[in-house]
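As provided, query_25.txt (compact mmCIF, C-alpha atoms) reads as follows.
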# COMPACT_ATOMS: atom_id res chain seq x y z
CA MET A 1 143.64 143.73 165.99
CA LYS A 2 143.97 140.58 168.08
CA ASP A 3 145.00 140.70 171.72
CA ARG A 4 148.47 139.15 171.70
CA THR A 5 148.93 139.30 175.46
CA PRO A 6 149.79 135.78 176.69
CA SER A 7 146.80 134.18 178.42
CA ARG A 8 148.90 133.36 181.49
CA ASN A 9 149.48 137.12 181.91
CA ARG A 10 145.84 138.09 181.26
CA VAL A 11 144.45 135.82 183.99
CA PRO A 12 146.34 137.40 186.94
CA ALA A 13 145.56 140.87 185.58
CA GLN A 14 141.87 139.97 185.30
CA ARG A 15 141.81 138.64 188.85
CA ASP A 16 143.58 141.74 190.16
CA ALA A 17 140.98 143.93 188.43
CA GLU A 18 138.15 141.87 189.91
CA GLY A 19 139.74 142.08 193.34
CA TRP A 20 139.80 145.88 193.15
CA MET A 21 136.23 145.92 191.86
CA PHE A 22 135.12 143.72 194.74
CA LEU A 23 136.88 145.98 197.25
CA ILE A 24 135.18 149.07 195.80
CA GLU A 25 131.75 147.43 195.99
CA ALA A 26 132.45 146.31 199.56
CA ALA A 27 133.25 149.90 200.47
CA ARG A 28 129.94 150.98 198.92
CA ASP A 29 127.88 148.36 200.76
CA LEU A 30 129.58 145.66 202.83
CA ARG A 31 126.19 144.35 203.93
CA THR A 32 125.33 143.07 200.44
CA THR A 33 128.84 142.40 199.16
CA GLY A 34 129.69 140.51 202.34
CA ALA A 35 133.49 140.38 202.07
CA ILE A 36 136.48 142.40 200.92
CA ALA A 37 137.76 139.81 198.43
CA PRO A 38 136.19 137.30 196.01
CA SER A 39 135.98 133.62 196.97
CA GLY A 40 139.22 131.72 196.40
CA LYS A 41 139.60 128.80 194.02
CA ALA A 42 139.63 126.22 196.82
CA LEU A 43 136.33 127.54 198.21
CA ALA A 44 134.80 127.63 194.72
CA ARG A 45 135.76 124.00 194.14
CA VAL A 46 134.09 122.81 197.34
CA LEU A 47 130.96 124.86 196.68
CA THR A 48 130.60 123.25 193.25
CA ASP A 49 131.28 119.65 194.37
CA PRO A 50 127.60 118.60 193.91
CA VAL A 51 127.83 119.51 190.21
CA ARG A 52 130.91 117.35 189.70
CA ALA A 53 129.23 114.51 191.60
CA GLN A 54 126.30 114.48 189.11
CA ALA A 55 128.25 115.04 185.91
CA ALA A 56 126.63 112.19 183.96
CA LEU A 57 123.29 113.91 183.26
CA PRO A 58 122.19 117.44 182.30
CA LEU A 59 121.59 119.59 185.37
CA ALA A 60 119.63 122.69 186.25
CA VAL A 61 121.91 124.82 188.43
CA LEU A 62 121.32 128.15 190.16
CA GLU A 63 124.12 130.36 191.43
CA ALA A 64 122.97 133.14 193.75
CA GLY A 65 125.18 136.06 194.72
CA ALA A 66 127.80 135.40 192.06
CA GLY A 67 129.79 138.60 192.60
CA THR A 68 132.60 138.93 190.04
CA GLY A 69 132.33 135.25 189.07
CA PRO A 70 134.98 133.13 190.84
CA VAL A 71 132.45 130.34 191.44
CA THR A 72 130.89 130.87 188.00
CA ARG A 73 134.26 130.17 186.39
CA GLU A 74 134.47 126.93 188.37
CA LEU A 75 130.90 125.93 187.49
CA ILE A 76 130.75 126.43 183.74
CA PRO A 77 133.44 123.93 182.65
CA ARG A 78 131.87 121.26 184.85
CA LEU A 79 128.31 121.53 183.55
CA PRO A 80 127.28 118.43 181.59
CA PRO A 81 126.09 119.11 178.01
CA GLY A 82 122.47 120.19 177.89
CA SER A 83 122.58 121.77 181.34
CA ARG A 84 121.09 125.08 182.42
CA LEU A 85 122.82 127.63 184.65
CA ASP A 86 120.94 130.63 186.01
CA ILE A 87 123.17 133.23 187.65
CA VAL A 88 121.47 135.67 190.01
CA GLU A 89 123.29 138.85 191.07
CA ALA A 90 121.57 141.95 192.47
CA ASN A 91 124.53 144.32 192.12
CA PRO A 92 124.24 145.88 188.63
CA ARG A 93 128.01 146.35 188.23
CA PHE A 94 128.68 142.74 189.15
CA ALA A 95 125.89 141.58 186.82
CA ASP A 96 127.49 143.49 183.92
CA ARG A 97 130.85 141.93 184.79
CA LEU A 98 129.32 138.46 184.71
CA ARG A 99 127.76 139.05 181.29
CA HIS A 100 131.16 140.23 180.05
CA LEU A 101 132.73 137.08 181.49
CA LEU A 102 130.30 134.89 179.55
CA THR A 103 130.76 136.64 176.23
CA THR A 104 134.57 136.91 176.37
CA THR A 105 135.64 133.78 178.24
CA HIS A 106 132.91 131.33 177.22
CA PRO A 107 131.60 132.49 173.79
CA GLN A 108 130.80 128.87 172.89
CA LEU A 109 127.85 129.01 175.28
CA THR A 110 125.86 131.15 172.86
CA ALA A 111 125.89 128.34 170.29
CA GLY A 112 126.07 125.29 172.56
CA SER A 113 123.43 123.18 174.23
CA THR A 114 124.25 124.53 177.70
CA ARG A 115 122.20 127.60 178.54
CA VAL A 116 123.66 130.24 180.86
CA THR A 117 121.68 133.35 181.83
CA VAL A 118 122.55 136.25 184.13
CA HIS A 119 119.62 137.70 186.08
CA GLN A 120 120.04 141.05 187.83
CA ALA A 121 117.70 140.39 190.72
CA TYR A 122 117.40 139.33 194.34
CA VAL A 123 117.02 135.57 194.52
CA GLU A 124 113.85 135.76 196.61
CA GLN A 125 112.32 137.86 193.81
CA LEU A 126 113.50 135.67 190.92
CA ASP A 127 110.56 135.09 188.60
CA THR A 128 110.87 131.49 187.42
CA ASP A 129 109.03 128.19 187.42
CA GLN A 130 112.33 126.31 187.08
CA ARG A 131 113.37 123.85 189.79
CA TYR A 132 117.05 123.16 190.32
CA ASP A 133 119.17 120.11 190.99
CA VAL A 134 121.88 122.23 192.60
CA ILE A 135 121.89 125.71 194.13
CA VAL A 136 125.21 127.35 194.95
CA SER A 137 124.84 130.36 197.25
CA GLY A 138 127.42 133.10 197.60
CA LEU A 139 125.09 135.42 199.50
CA PRO A 140 126.48 136.95 202.74
CA LEU A 141 123.63 135.65 204.88
CA THR A 142 125.31 136.63 208.15
CA ASN A 143 125.03 140.27 207.01
CA PHE A 144 121.26 140.05 206.44
CA THR A 145 118.40 140.65 208.83
CA PRO A 146 116.74 137.54 210.29
CA ALA A 147 113.63 138.21 208.16
CA GLN A 148 115.75 138.42 204.99
CA VAL A 149 117.52 135.16 205.85
CA GLU A 150 114.16 133.43 206.37
CA ARG A 151 112.94 134.63 202.97
CA VAL A 152 116.11 133.60 201.15
CA MET A 153 116.28 130.15 202.72
CA ALA A 154 112.58 129.50 202.12
CA ARG A 155 113.06 130.51 198.48
CA TYR A 156 116.04 128.18 198.13
CA LEU A 157 113.97 125.25 199.35
CA GLU A 158 111.14 126.20 197.03
CA LEU A 159 113.50 126.37 194.03
CA LEU A 160 115.20 123.04 194.78
CA ARG A 161 113.82 119.86 193.30
CA PRO A 162 113.10 117.12 195.86
CA GLY A 163 116.50 115.54 196.46
CA GLY A 164 118.28 118.70 195.25
CA THR A 165 121.35 120.10 196.99
CA LEU A 166 122.15 123.57 198.32
CA THR A 167 125.70 124.60 199.16
CA TYR A 168 126.63 127.82 200.93
CA PHE A 169 129.54 129.07 203.01
CA ALA A 170 130.08 130.93 206.26
CA TYR A 171 133.35 132.52 207.25
CA LEU A 172 135.07 131.23 210.38
CA GLY A 173 135.41 133.53 213.38
CA THR A 174 132.84 136.14 212.38
CA ARG A 175 130.90 135.91 215.65
CA ARG A 176 134.02 136.51 217.74
CA ALA A 177 135.17 139.37 215.50
CA ARG A 178 131.78 141.06 215.60
CA ALA A 179 131.58 140.69 219.38
CA LEU A 180 134.63 142.94 219.69
CA THR A 181 133.27 145.81 217.60
CA ALA A 182 129.52 145.45 217.07
CA SER A 183 126.74 147.22 218.91
CA ARG A 184 124.39 145.28 221.16
CA ALA A 185 121.67 145.36 218.48
CA GLU A 186 124.09 144.11 215.81
CA THR A 187 125.29 141.31 218.09
CA ARG A 188 121.68 140.28 218.72
CA ARG A 189 120.91 140.33 214.99
CA HIS A 190 123.91 138.14 214.23
CA ALA A 191 122.92 135.67 216.98
CA GLU A 192 119.37 135.44 215.59
CA VAL A 193 120.69 134.72 212.09
CA ASP A 194 122.97 132.03 213.53
CA GLU A 195 119.96 130.42 215.24
CA ILE A 196 117.96 130.40 211.99
CA MET A 197 120.81 128.82 210.05
CA ALA A 198 121.44 126.27 212.80
CA ALA A 199 117.79 125.18 212.56
CA TYR A 200 118.13 124.65 208.80
CA GLN A 201 121.37 122.76 209.35
CA ARG A 202 119.77 120.44 211.89
CA THR A 203 116.88 119.73 209.55
CA TYR A 204 118.53 119.51 206.13
CA ALA A 205 122.34 119.35 206.41
CA THR A 206 124.13 116.35 204.90
CA GLY A 207 127.68 117.56 205.49
CA ARG A 208 130.10 120.38 206.22
CA ARG A 209 133.67 120.97 205.05
CA THR A 210 136.19 123.52 206.25
CA VAL A 211 138.19 125.33 203.58
CA TRP A 212 141.35 126.65 205.21
CA ALA A 213 142.89 127.75 201.89
CA ASN A 214 140.61 130.78 201.62
CA LEU A 215 140.81 134.34 202.92
CA PRO A 216 139.22 134.17 205.39
CA PRO A 217 138.77 130.40 205.98
CA ALA A 218 135.19 129.20 205.63
CA HIS A 219 132.81 126.36 206.41
CA VAL A 220 130.92 125.03 203.39
CA TRP A 221 127.55 123.56 204.28
CA ARG A 222 125.62 121.13 202.11
CA LEU A 223 121.83 120.94 202.59
CA ARG A 224 119.45 118.60 200.82
CA ARG A 225 115.75 118.98 200.19
CA PRO A 226 114.03 115.72 201.18
CA LEU A 227 112.63 113.40 198.54
CA LEU A 228 108.86 113.20 198.26
CA ALA A 229 107.07 110.35 199.98
CA ALA A 230 104.93 108.03 197.89
CA GLY A 231 101.83 109.89 196.72
CA GLU A 232 103.09 113.26 198.02
CA THR A 233 102.95 116.27 195.67
CA ASP A 234 105.59 118.97 195.39
CA GLN A 235 103.87 121.81 197.22
CA LEU A 236 106.71 123.29 199.24
CA ALA A 237 106.36 127.07 199.38
CA PRO A 238 107.79 129.89 201.51
CA ARG A 239 106.08 130.34 204.86
CA THR A 240 104.68 133.83 205.47
CA ASP A 241 104.81 133.50 209.27
CA GLY A 242 108.60 133.19 209.37
CA ALA A 243 108.54 129.58 210.52
CA ILE A 244 111.00 127.03 209.16
CA ARG A 245 109.53 124.10 207.32
Now, as a test, write the supplied structure out as structure tokens.
Amino acid sequence: MKDRTPSRNRVPAQRDAEGWMFLIEAARDLRTTGAIAPSGKALARVLTDPVRAQAALPLAVLEAGAGTGPVTRELIPRLPPGSRLDIVEANPRFADRLRHLLTTTHPQLTAGSTRVTVHQAYVEQLDTDQRYDVIVSGLPLTNFTPAQVERVMARYLELLRPGGTLTYFAYLGTRRARALTASRAETRRHAEVDEIMAAYQRTYATGRRTVWANLPPAHVWRLRRPLLAAGETDQLAPRTDGAIR
């Protein structure tokens, strides 16, 4: 029997269900979930701007930390024909939700030229030789240890093609909020992560936008891997000593 529920009614219900799911996962492990609500539509649009800007040619796109799929839903309709989208999500319940999203909302992908795959994995452990034109990160980097942030960022640079773009977001006001409640060790960890990210921003950032229409508001950073110089080979790899390239 067909579902005769009007689509305009199904969408809010689906989003409410995802919101509750996100809240439950945050209660289980806020460190890896990173927030108490999925990214809003305005934030998803800004994160995916590099895909819209290159819509003329097929793209290889990686989304890391997709959660329940608010950015995924913004990405898929904007992928040029012949593109590839790899979605990486470590949370098994979120990964199942993403696979359900693909089969129910975008069944045409199974027969079309655009390939979309969900990988249940940590991005730094993703086993692939693919290099990407665009990486969209939803990972809560400010919740990670400095060593984890170093590994993730090094992996992002390794996975990007020369000239490729990485977008990620950081919520506004987190340092001030943490200063009121966090332990001294937690405050130090957060400051070290901020220093690591600031170094990457100084080296690779090409822009930053503030998205006020999100809960909470967020900065969206855009980083670009440099193009290769004449005669240079693509040998960028993660550093094992923790240094930033």
**Report entry** Non-local contacts of A:Ala60 (8 Å; all atoms listed in the file; under 2 positions in same chain excluded) as a ChimeraX atom specification
**Finding:** /A:58,62,83-85,131-134
Query raised in the report: Quick one, how far is atom CA of A:Gln201 from atom CA of A:Trp221?
Result: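 Separation between atom CA of A:Gln201 and atom CA of A:Trp221: 8.0 Å.
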Requested in this report: Up to 12 Å from (140.8, 132.3, 206.0) in the file's coordinates: name the residues, counting all atoms listed in the file, as a list of chain:residue names.
Outcome: A:Ala35, A:Ala37, A:Ser39, A:Gly40, A:Ala42, A:Leu43, A:Ala170, A:Tyr171, A:Leu172, A:Gly173, A:Thr174, A:Thr210, A:Val211, A:Trp212, A:Ala213, A:Asn214, A:Leu215, A:Pro216, A:Pro217, A:Ala218, A:His219
What does the file look like for those residues with C-alpha atoms, as a short mmCIF file (atom, residue, chain, number, x, y, z; two decimals), in the coordinates of the input?
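What ended up in out-v5.cif:
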data_model
loop_
_atom_site.label_atom_id
_atom_site.label_comp_id
_atom_site.auth_asym_id
_atom_site.auth_seq_id
_atom_site.Cartn_x
_atom_site.Cartn_y
_atom_site.Cartn_z
CA ALA A 35 133.49 140.38 202.07
CA ALA A 37 137.76 139.81 198.43
CA SER A 39 135.98 133.62 196.97
CA GLY A 40 139.22 131.72 196.40
CA ALA A 42 139.63 126.22 196.82
CA LEU A 43 136.33 127.54 198.21
CA ALA A 170 130.08 130.93 206.26
CA TYR A 171 133.35 132.52 207.25
CA LEU A 172 135.07 131.23 210.38
CA GLY A 173 135.41 133.53 213.38
CA THR A 174 132.84 136.14 212.38
CA THR A 210 136.19 123.52 206.25
CA VAL A 211 138.19 125.33 203.58
CA TRP A 212 141.35 126.65 205.21
CA ALA A 213 142.89 127.75 201.89
CA ASN A 214 140.61 130.78 201.62
CA LEU A 215 140.81 134.34 202.92
CA PRO A 216 139.22 134.17 205.39
CA PRO A 217 138.77 130.40 205.98
CA ALA A 218 135.19 129.20 205.63
CA HIS A 219 132.81 126.36 206.41
#
Requested in this report: Could you check how far atom CA of A:Arg93 sits from atom CA of A:Thr145, in Å to one decimal?
Outcome: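 Result for atom CA of A:Arg93 versus atom CA of A:Thr145: 23.4 Å, one decimal.
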Requested in this report: Select, counting all atoms listed in the file, all protein, DNA and RNA residues no farther than 12 Å from (116.4, 139.4, 193.7) in file coordinates, and express the selection as JSON, numbers by chain.
Outcome: {"A": [32, 64, 65, 87, 88, 89, 90, 91, 92, 95, 118, 119, 120, 121, 122, 123, 124, 125, 126, 127, 128, 139, 148, 151, 152, 155]}
Query raised in the report: atom CA of A:Arg97 and atom CA of A:Phe144, how far apart in Å?
Result: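 Separation of atom CA of A:Phe144 and atom CA of A:Arg97: 23.8 Å.
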Show me, as lines of an AutoDock Vina configuration file, the centre and edge lengths in Å to one decimal of the axis-aligned box that covers every listed atom of stretch 148-164 of chain A with 4 Å on each side.
center_x = 114.7
center_y = 127.0
center_z = 199.8
size_x = 15.1
size_y = 30.9
size_z = 21.1
Query - Which of A:Thr48, A:Glu63, A:Thr114, A:Ala230 sits closest to A:Tyr156 [using only C-alpha atoms] - result: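 Nearest to A:Tyr156: A:Glu63.
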Query raised in the report: Using only C-alpha atoms, which of A:Thr72, A:Thr206, A:Gln54, A:Thr167 sits nearest A:His106?
Result: A:Thr72
**Report entry** A:Ala56 surroundings by only C-alpha atoms, 12 Å radius, close-in-sequence under 4 positions cut, as a ChimeraX atom specification
**Finding:** /A:50-52,78-83
**Report entry** Test item: residues at most 6 Å from A:Gly163, all atoms listed in the file, excluding those fewer than 3 positions along its chain, as a list in words
**Finding:**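 Those residues are Arg225, Pro226 and Leu227 of chain A.
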